[in-house]
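Peer 1: Contents of entry-v2.cif (mmCIF, C-alpha atoms (C1' of nucleotides)) are given next:
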```cif
data_run
loop_
_atom_site.group_PDB
_atom_site.id
_atom_site.type_symbol
_atom_site.label_atom_id
_atom_site.label_comp_id
_atom_site.auth_asym_id
_atom_site.auth_seq_id
_atom_site.Cartn_x
_atom_site.Cartn_y
_atom_site.Cartn_z
ATOM 1 C CA MET A 30 19.348 -2.596 -15.245
ATOM 2 C CA TYR A 31 17.207 -0.622 -12.929
ATOM 3 C CA PRO A 32 13.558 0.297 -13.230
ATOM 4 C CA HIS A 33 14.205 3.932 -12.538
ATOM 5 C CA VAL A 34 10.945 4.969 -14.099
ATOM 6 C CA GLU A 35 9.483 7.392 -11.598
ATOM 7 C CA SER A 36 5.928 6.313 -12.131
ATOM 8 C CA ALA A 37 3.947 8.024 -9.427
ATOM 9 C CA LEU A 38 0.235 7.566 -9.139
ATOM 10 C CA GLU A 39 -1.729 9.985 -11.289
ATOM 11 C CA TYR A 40 -4.688 11.863 -9.801
ATOM 12 C CA HIS A 41 -6.428 15.236 -9.924
ATOM 13 C CA ASN A 42 -8.119 15.665 -6.549
ATOM 14 C CA ALA A 43 -8.840 13.959 -3.246
ATOM 15 C CA TYR A 44 -11.365 11.590 -4.772
ATOM 16 C CA THR A 45 -9.193 10.410 -7.623
ATOM 17 C CA LEU A 46 -6.234 10.065 -5.265
ATOM 18 C CA LEU A 47 -8.315 7.965 -2.901
ATOM 19 C CA VAL A 48 -9.414 5.693 -5.743
ATOM 20 C CA ALA A 49 -5.939 5.479 -7.271
ATOM 21 C CA VAL A 50 -4.337 4.497 -3.964
ATOM 22 C CA MET A 51 -7.085 1.991 -3.272
ATOM 23 C CA LEU A 52 -6.489 0.446 -6.701
ATOM 24 C CA SER A 53 -2.735 0.295 -6.106
ATOM 25 C CA ALA A 54 -2.927 -2.403 -3.448
ATOM 26 C CA GLN A 55 -0.451 -5.122 -4.465
ATOM 27 C CA THR A 56 -0.274 -3.484 -7.863
ATOM 28 C CA THR A 57 2.350 -1.226 -9.425
ATOM 29 C CA ASP A 58 1.630 2.435 -10.008
ATOM 30 C CA ALA A 59 2.314 1.975 -13.706
ATOM 31 C CA ALA A 60 -0.434 -0.632 -13.917
ATOM 32 C CA VAL A 61 -2.858 1.657 -12.089
ATOM 33 C CA ASN A 62 -1.978 4.632 -14.275
ATOM 34 C CA LYS A 63 -2.812 2.556 -17.305
ATOM 35 C CA VAL A 64 -6.472 2.215 -16.309
ATOM 36 C CA THR A 65 -7.279 5.387 -14.367
ATOM 37 C CA PRO A 66 -7.510 7.807 -17.338
ATOM 38 C CA GLU A 67 -10.388 5.834 -18.784
ATOM 39 C CA LEU A 68 -11.837 5.124 -15.340
ATOM 40 C CA PHE A 69 -11.859 8.775 -14.328
ATOM 41 C CA ARG A 70 -13.097 9.864 -17.726
ATOM 42 C CA ARG A 71 -16.159 7.637 -17.508
ATOM 43 C CA TRP A 72 -16.805 8.135 -13.796
ATOM 44 C CA PRO A 73 -15.053 11.354 -12.811
ATOM 45 C CA ASN A 74 -16.605 11.825 -9.363
ATOM 46 C CA PRO A 75 -18.474 9.988 -6.598
ATOM 47 C CA GLU A 76 -21.822 10.985 -8.045
ATOM 48 C CA ALA A 77 -21.107 9.257 -11.359
ATOM 49 C CA MET A 78 -19.382 6.267 -9.776
ATOM 50 C CA ALA A 79 -22.203 5.710 -7.296
ATOM 51 C CA SER A 80 -24.540 4.670 -10.092
ATOM 52 C CA ALA A 81 -21.997 2.732 -12.138
ATOM 53 C CA GLN A 82 -22.314 -0.987 -12.682
ATOM 54 C CA PRO A 83 -19.543 -2.897 -10.897
ATOM 55 C CA SER A 84 -19.272 -5.125 -13.972
ATOM 56 C CA GLU A 85 -18.556 -2.115 -16.181
ATOM 57 C CA VAL A 86 -16.012 -0.742 -13.741
ATOM 58 C CA GLY A 87 -14.507 -4.210 -13.581
ATOM 59 C CA GLU A 88 -14.017 -4.348 -17.322
ATOM 60 C CA CYS A 89 -12.335 -0.981 -17.192
ATOM 61 C CA ILE A 90 -9.779 -2.045 -14.577
ATOM 62 C CA ARG A 91 -9.406 -5.690 -15.543
ATOM 63 C CA THR A 92 -5.681 -5.457 -16.130
ATOM 64 C CA ILE A 93 -4.849 -4.737 -12.503
ATOM 65 C CA GLY A 94 -4.698 -7.185 -9.636
ATOM 66 C CA PHE A 95 -7.799 -7.923 -7.563
ATOM 67 C CA TRP A 96 -9.942 -6.115 -10.115
ATOM 68 C CA ARG A 97 -13.188 -7.759 -9.091
ATOM 69 C CA ALA A 98 -12.992 -6.704 -5.456
ATOM 70 C CA LYS A 99 -11.629 -3.292 -6.376
ATOM 71 C CA ALA A 100 -14.469 -2.612 -8.816
ATOM 72 C CA ALA A 101 -16.946 -3.331 -6.035
ATOM 73 C CA HIS A 102 -14.950 -1.053 -3.741
ATOM 74 C CA CYS A 103 -15.192 1.748 -6.311
ATOM 75 C CA THR A 104 -18.958 1.732 -6.536
ATOM 76 C CA GLU A 105 -19.650 1.024 -2.864
ATOM 77 C CA MET A 106 -17.202 3.690 -1.785
ATOM 78 C CA ALA A 107 -18.848 6.246 -4.055
ATOM 79 C CA GLN A 108 -22.274 5.368 -2.698
ATOM 80 C CA ILE A 109 -21.042 5.932 0.856
ATOM 81 C CA LEU A 110 -19.382 9.206 -0.098
ATOM 82 C CA MET A 111 -22.676 10.384 -1.583
ATOM 83 C CA ALA A 112 -24.841 9.128 1.255
ATOM 84 C CA ASP A 113 -22.714 10.164 4.222
ATOM 85 C CA TYR A 114 -20.267 12.845 3.114
ATOM 86 C CA GLY A 115 -22.061 14.951 0.519
ATOM 87 C CA GLY A 116 -19.889 13.551 -2.237
ATOM 88 C CA GLU A 117 -16.677 14.705 -0.550
ATOM 89 C CA VAL A 118 -13.771 12.644 0.761
ATOM 90 C CA PRO A 119 -13.760 12.574 4.574
ATOM 91 C CA GLN A 120 -10.681 13.957 6.258
ATOM 92 C CA THR A 121 -10.201 11.759 9.304
ATOM 93 C CA MET A 122 -8.557 8.366 9.718
ATOM 94 C CA GLU A 123 -11.593 7.034 11.514
ATOM 95 C CA GLU A 124 -13.922 7.878 8.648
ATOM 96 C CA LEU A 125 -11.529 6.925 5.858
ATOM 97 C CA VAL A 126 -10.830 3.413 7.095
ATOM 98 C CA LYS A 127 -14.552 2.695 7.152
ATOM 99 C CA LEU A 128 -14.644 3.056 3.361
ATOM 100 C CA PRO A 129 -14.468 -0.256 1.495
ATOM 101 C CA GLY A 130 -10.990 -1.022 0.251
ATOM 102 C CA VAL A 131 -9.425 1.656 2.421
ATOM 103 C CA GLY A 132 -7.087 0.614 5.216
ATOM 104 C CA ARG A 133 -4.609 2.588 7.283
ATOM 105 C CA LYS A 134 -1.985 2.697 4.569
ATOM 106 C CA THR A 135 -4.338 4.211 2.008
ATOM 107 C CA ALA A 136 -5.866 6.562 4.569
ATOM 108 C CA ASN A 137 -2.445 7.792 5.676
ATOM 109 C CA ILE A 138 -1.489 8.577 2.086
ATOM 110 C CA VAL A 139 -4.678 10.552 1.460
ATOM 111 C CA LEU A 140 -4.491 12.440 4.755
ATOM 112 C CA ASN A 141 -0.860 13.249 4.154
ATOM 113 C CA LYS A 142 -0.995 14.279 0.501
ATOM 114 C CA MET A 143 -4.385 15.958 0.280
ATOM 115 C CA PHE A 144 -5.258 17.168 3.740
ATOM 116 C CA ASN A 145 -1.833 17.886 5.185
ATOM 117 C CA THR A 146 -2.597 15.760 8.209
ATOM 118 C CA VAL A 147 0.389 13.839 9.493
ATOM 119 C CA ASP A 148 -0.487 11.705 12.484
ATOM 120 C CA GLY A 149 0.541 8.353 11.101
ATOM 121 C CA ILE A 150 2.990 6.611 8.802
ATOM 122 C CA ALA A 151 1.822 4.735 5.730
ATOM 123 C CA VAL A 152 3.292 1.283 6.240
ATOM 124 C CA ASP A 153 3.320 -0.670 3.031
ATOM 125 C CA THR A 154 5.302 -3.713 2.099
ATOM 126 C CA HIS A 155 8.508 -1.700 1.573
ATOM 127 C CA VAL A 156 8.335 0.247 4.815
ATOM 128 C CA TYR A 157 7.492 -2.910 6.697
ATOM 129 C CA ARG A 158 10.370 -4.864 5.200
ATOM 130 C CA ILE A 159 12.932 -2.125 5.747
ATOM 131 C CA ALA A 160 11.866 -1.459 9.329
ATOM 132 C CA SER A 161 12.094 -5.164 10.020
ATOM 133 C CA ARG A 162 15.542 -5.545 8.487
ATOM 134 C CA LEU A 163 16.855 -2.584 10.443
ATOM 135 C CA ARG A 164 15.248 -4.078 13.551
ATOM 136 C CA LEU A 165 13.281 -0.936 14.124
ATOM 137 C CA THR A 166 10.389 -3.271 14.759
ATOM 138 C CA SER A 167 9.721 -6.932 15.240
ATOM 139 C CA ALA A 168 6.010 -6.475 14.778
ATOM 140 C CA ALA A 169 4.005 -9.106 12.970
ATOM 141 C CA THR A 170 1.530 -6.668 11.473
ATOM 142 C CA PRO A 171 1.812 -3.352 9.635
ATOM 143 C CA LEU A 172 -0.293 -1.669 12.300
ATOM 144 C CA ALA A 173 2.064 -2.727 15.088
ATOM 145 C CA ALA A 174 5.059 -1.756 12.955
ATOM 146 C CA GLU A 175 3.529 1.683 12.478
ATOM 147 C CA GLN A 176 3.252 2.135 16.247
ATOM 148 C CA ASP A 177 6.934 1.228 16.651
ATOM 149 C CA LEU A 178 7.999 3.667 13.932
ATOM 150 C CA LEU A 179 5.857 6.442 15.367
ATOM 151 C CA SER A 180 7.583 6.096 18.712
ATOM 152 C CA LEU A 181 11.064 5.836 17.197
ATOM 153 C CA LEU A 182 11.027 8.515 14.506
ATOM 154 C CA PRO A 183 10.645 12.259 15.101
ATOM 155 C CA HIS A 184 7.404 13.700 13.838
ATOM 156 C CA GLU A 185 9.032 15.808 11.144
ATOM 157 C CA LEU A 186 10.155 12.636 9.375
ATOM 158 C CA TRP A 187 6.794 10.887 9.353
ATOM 159 C CA LYS A 188 5.433 12.408 6.190
ATOM 160 C CA ASP A 189 8.469 11.413 4.142
ATOM 161 C CA VAL A 190 8.910 7.859 5.377
ATOM 162 C CA ASN A 191 6.544 6.256 2.896
ATOM 163 C CA GLU A 192 7.813 7.901 -0.249
ATOM 164 C CA GLU A 193 11.502 7.812 0.558
ATOM 165 C CA TRP A 194 11.644 4.327 1.998
ATOM 166 C CA ILE A 195 9.733 3.040 -0.999
ATOM 167 C CA HIS A 196 12.407 4.331 -3.332
ATOM 168 C CA PHE A 197 15.044 2.807 -1.095
ATOM 169 C CA GLY A 198 13.138 -0.445 -0.944
ATOM 170 C CA ARG A 199 12.654 -0.630 -4.661
ATOM 171 C CA ASP A 200 16.204 0.263 -5.600
ATOM 172 C CA ILE A 201 18.383 -1.184 -2.839
ATOM 173 C CA CYS A 202 16.618 -2.976 -0.018
ATOM 174 C CA THR A 203 14.599 -5.166 -2.335
ATOM 175 C CA ALA A 204 12.403 -7.997 -1.135
ATOM 176 C CA ARG A 205 14.739 -10.583 -2.525
ATOM 177 C CA ASN A 206 18.489 -10.274 -3.005
ATOM 178 C CA PRO A 207 18.875 -6.803 -1.480
ATOM 179 C CA THR A 208 21.865 -4.884 -2.851
ATOM 180 C CA CYS A 209 23.650 -4.528 0.469
ATOM 181 C CA SER A 210 26.893 -3.679 -1.322
ATOM 182 C CA ALA A 211 25.293 -0.443 -2.534
ATOM 183 C CA CYS A 212 23.448 0.298 0.686
ATOM 184 C CA PRO A 213 24.458 3.382 2.695
ATOM 185 C CA LEU A 214 23.189 1.652 5.830
ATOM 186 C CA SER A 215 25.098 -1.588 5.439
ATOM 187 C CA ASP A 216 27.529 -0.654 8.221
ATOM 188 C CA ILE A 217 24.764 -0.293 10.763
ATOM 189 C CA CYS A 218 22.219 -2.811 9.512
ATOM 190 C CA PRO A 219 21.610 -5.889 11.663
ATOM 191 C CA SER A 220 20.500 -7.753 8.570
ATOM 192 C CA CYS A 221 23.896 -7.124 7.022
ATOM 193 C CA GLY A 222 25.849 -8.791 9.817
ATOM 194 C CA GLN A 223 26.076 -5.750 12.037
ATOM 195 C CA PRO A 224 25.155 -5.813 15.719
ATOM 196 C CA ASN A 225 21.755 -4.545 16.646
ATOM 197 C CA ARG A 226 22.450 -1.140 18.093
ATOM 198 C CA TRP A 227 18.888 -0.268 18.998
ATOM 199 C CA PHE A 228 17.778 -3.184 21.105
ATOM 200 C CA LYS A 229 20.782 -4.794 22.682
ATOM 201 C CA GLY A 230 20.625 -8.370 23.801
ATOM 202 C CA SER A 231 17.285 -9.814 22.842
ATOM 203 C CA GLY A 232 17.303 -9.649 19.120
ATOM 204 C CA LYS A 233 13.770 -10.808 18.922
ATOM 205 C CA LYS A 234 11.463 -8.505 20.776
ATOM 206 C CA SER A 235 10.906 -4.824 20.765
ATOM 207 C CA SER A 236 7.387 -4.133 19.707
ATOM 208 C CA LYS A 237 6.030 -4.142 23.237
ATOM 209 C CA ARG A 238 6.301 -1.243 25.571
ATOM 210 C "C1'" DA B 3 8.444 -18.784 -9.379
ATOM 211 C "C1'" DT B 4 7.889 -14.450 -6.822
ATOM 212 C "C1'" DC B 5 6.710 -9.851 -6.006
ATOM 213 C "C1'" DC B 6 4.050 -5.417 -6.575
ATOM 214 C "C1'" DC B 7 3.523 1.756 -2.732
ATOM 215 C "C1'" DG B 8 -3.059 -3.951 0.766
ATOM 216 C "C1'" DA B 9 -7.491 -4.984 2.496
ATOM 217 C "C1'" DG B 10 -11.034 -7.975 4.155
ATOM 218 C "C1'" DG B 11 -12.470 -11.920 6.234
ATOM 219 C "C1'" DG B 12 -11.942 -16.180 9.005
ATOM 220 C "C1'" DC C 28 -2.729 -15.555 13.360
ATOM 221 C "C1'" DC C 29 -3.907 -17.218 8.544
ATOM 222 C "C1'" DC C 30 -5.899 -17.148 3.819
ATOM 223 C "C1'" DT C 31 -7.823 -15.121 -0.437
ATOM 224 C "C1'" DC C 32 -8.297 -11.899 -4.055
ATOM 225 C "C1'" DT C 33 -5.827 -10.846 -9.058
ATOM 226 C "C1'" DG C 34 -2.887 -9.718 -13.339
ATOM 227 C "C1'" DG C 35 1.413 -8.194 -15.059
ATOM 228 C "C1'" DA C 36 6.363 -7.707 -14.761
ATOM 229 C "C1'" DT C 37 10.733 -9.771 -14.002
#
```
With the file now loaded, output its structure as structure tokens.

Peer 2:
Amino acid sequence: MYPHVESALEYHNAYTLLVAVMLSAQTTDAAVNKVTPELFRRWPNPEAMASAQPSEVGECIRTIGFWRAKAAHCTEMAQILMADYGGEVPQTMEELVKLPGVGRKTANIVLNKMFNTVDGIAVDTHVYRIASRLRLTSAATPLAAEQDLLSLLPHELWKDVNEEWIHFGRDICTARNPTCSACPLSDICPSCGQPNRWFKGSGKKSSKR
DNA sequence: ATCCCGAGGG
DNA sequence: CCCTCTGGAT
């Protein structure tokens, strides 16, 4: 039937959230949650992780995708946190995206959940797909799609877009064979045979301004 | 076979 | 813009 297992990422603080989200790239939360208890037990903070061997970290997370690169990200990130931020997680987009393995999506999640800063939208594969199908964007990159969504959606919705659209994307608007028959937006969705009501005429451009 | 709550590098 | 990194689930 349906994988209605609400497996959210498990974390205890800003650091473990940052690591958990970084590990979750192209990997399910359930898979990440399977390795993080042991990972955080052995290296609970940046100080411990900064002196860990990437090979040891790699063994610990070997069941998740991209484990080799992510293990290197873990240790390098911790070394930067120790060297530049006193072992704390920085609280700005500019600083976060400089950390290895951390892009805008990860940074937006951390800023939003830990630091209550909402000046972006975390655009992952689900958000990107849904925005594209609804023709809210025709952007070719997540960054450009984020700009379109920021200009289209009121600020009070930004913080909920990622979580809510992900559920929608996982349950209904799936990557393949979306369940349009069960979709509450099917009567307004351009990808379900409905006219594009946001950008009339040219159905192919909208990301410019 | 194809996708998963991406990021880095070319 | 493209490709690669990666294993598990479906």

Peer 1: Kindly determine which residues of chain A lie within 10 Å of chain C, considering all atoms listed in the file, and give the answer as a PyMOL selection string.

Peer 2: chain A and resi 55-57+60+91-99+169

Peer 1: Would you mind reading off the distance between CA of Val139 in chain A and CA of Ile109 in chain A, one decimal, in Å?

Peer 2: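 These two atoms are separated by 17.0 Å.
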
Peer 1: Measure the distance from CA of Leu165 in chain A to CA of Glu124 in chain A in Å and round it to one decimal.

Peer 2: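 Taking CA of Leu165 in chain A as the start and CA of Glu124 in chain A as the end point, the length is 29.1 Å.
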
Peer 1: Find the residues of chain B in contact range of chain A, meaning any atom within 7 Å when counting only C-alpha atoms (C1' of nucleotides), and list them as a ChimeraX atom specification.

Peer 2: /B:6-9

Peer 1: Which distance in Å separates CA of Met143 in chain A and CA of Val118 in chain A, to one decimal?

Peer 2: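 Separation of CA of Met143 in chain A and CA of Val118 in chain A: 10.0 Å.
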
Peer 1: For this file, the PyMOL selection byres ((chain A and resi 175) around 9) selects which residues, as JSON, numbers by chain?

Peer 2: {"A": [149, 150, 151, 152, 157, 166, 168, 170, 171, 172, 173, 174, 176, 177, 178, 179, 180]}

Peer 1: May I ask which of the residues A:Pro73, A:Cys212, A:Val48, A:Lys63 is the closest one to Ala100 in chain A, counting only C-alpha atoms?

Peer 2: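 Nearest candidate to Ala100 in chain A out of A:Pro73, A:Cys212, A:Val48, A:Lys63: A:Val48.
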
Peer 1: Please write out, as AutoDock Vina command-line options, where the centre of an axis-aligned box around all listed atoms of range 72-80 of chain A lies and how long its edges are, in Å to one decimal, after adding 6 Å on each side.

Peer 2:
```
--center_x -19.8 --center_y 8.2 --center_z -10.2 --size_x 21.5 --size_y 19.2 --size_z 19.2
```

Peer 1: Kindly resolve the PyMOL selection byres ((chain A and resi 119) around 12) on the present coordinates and return the residues as a ChimeraX atom specification.

Peer 2: /A:43-44,47,106-107,109-111,113-118,120-128,131,136,139-140,143-144
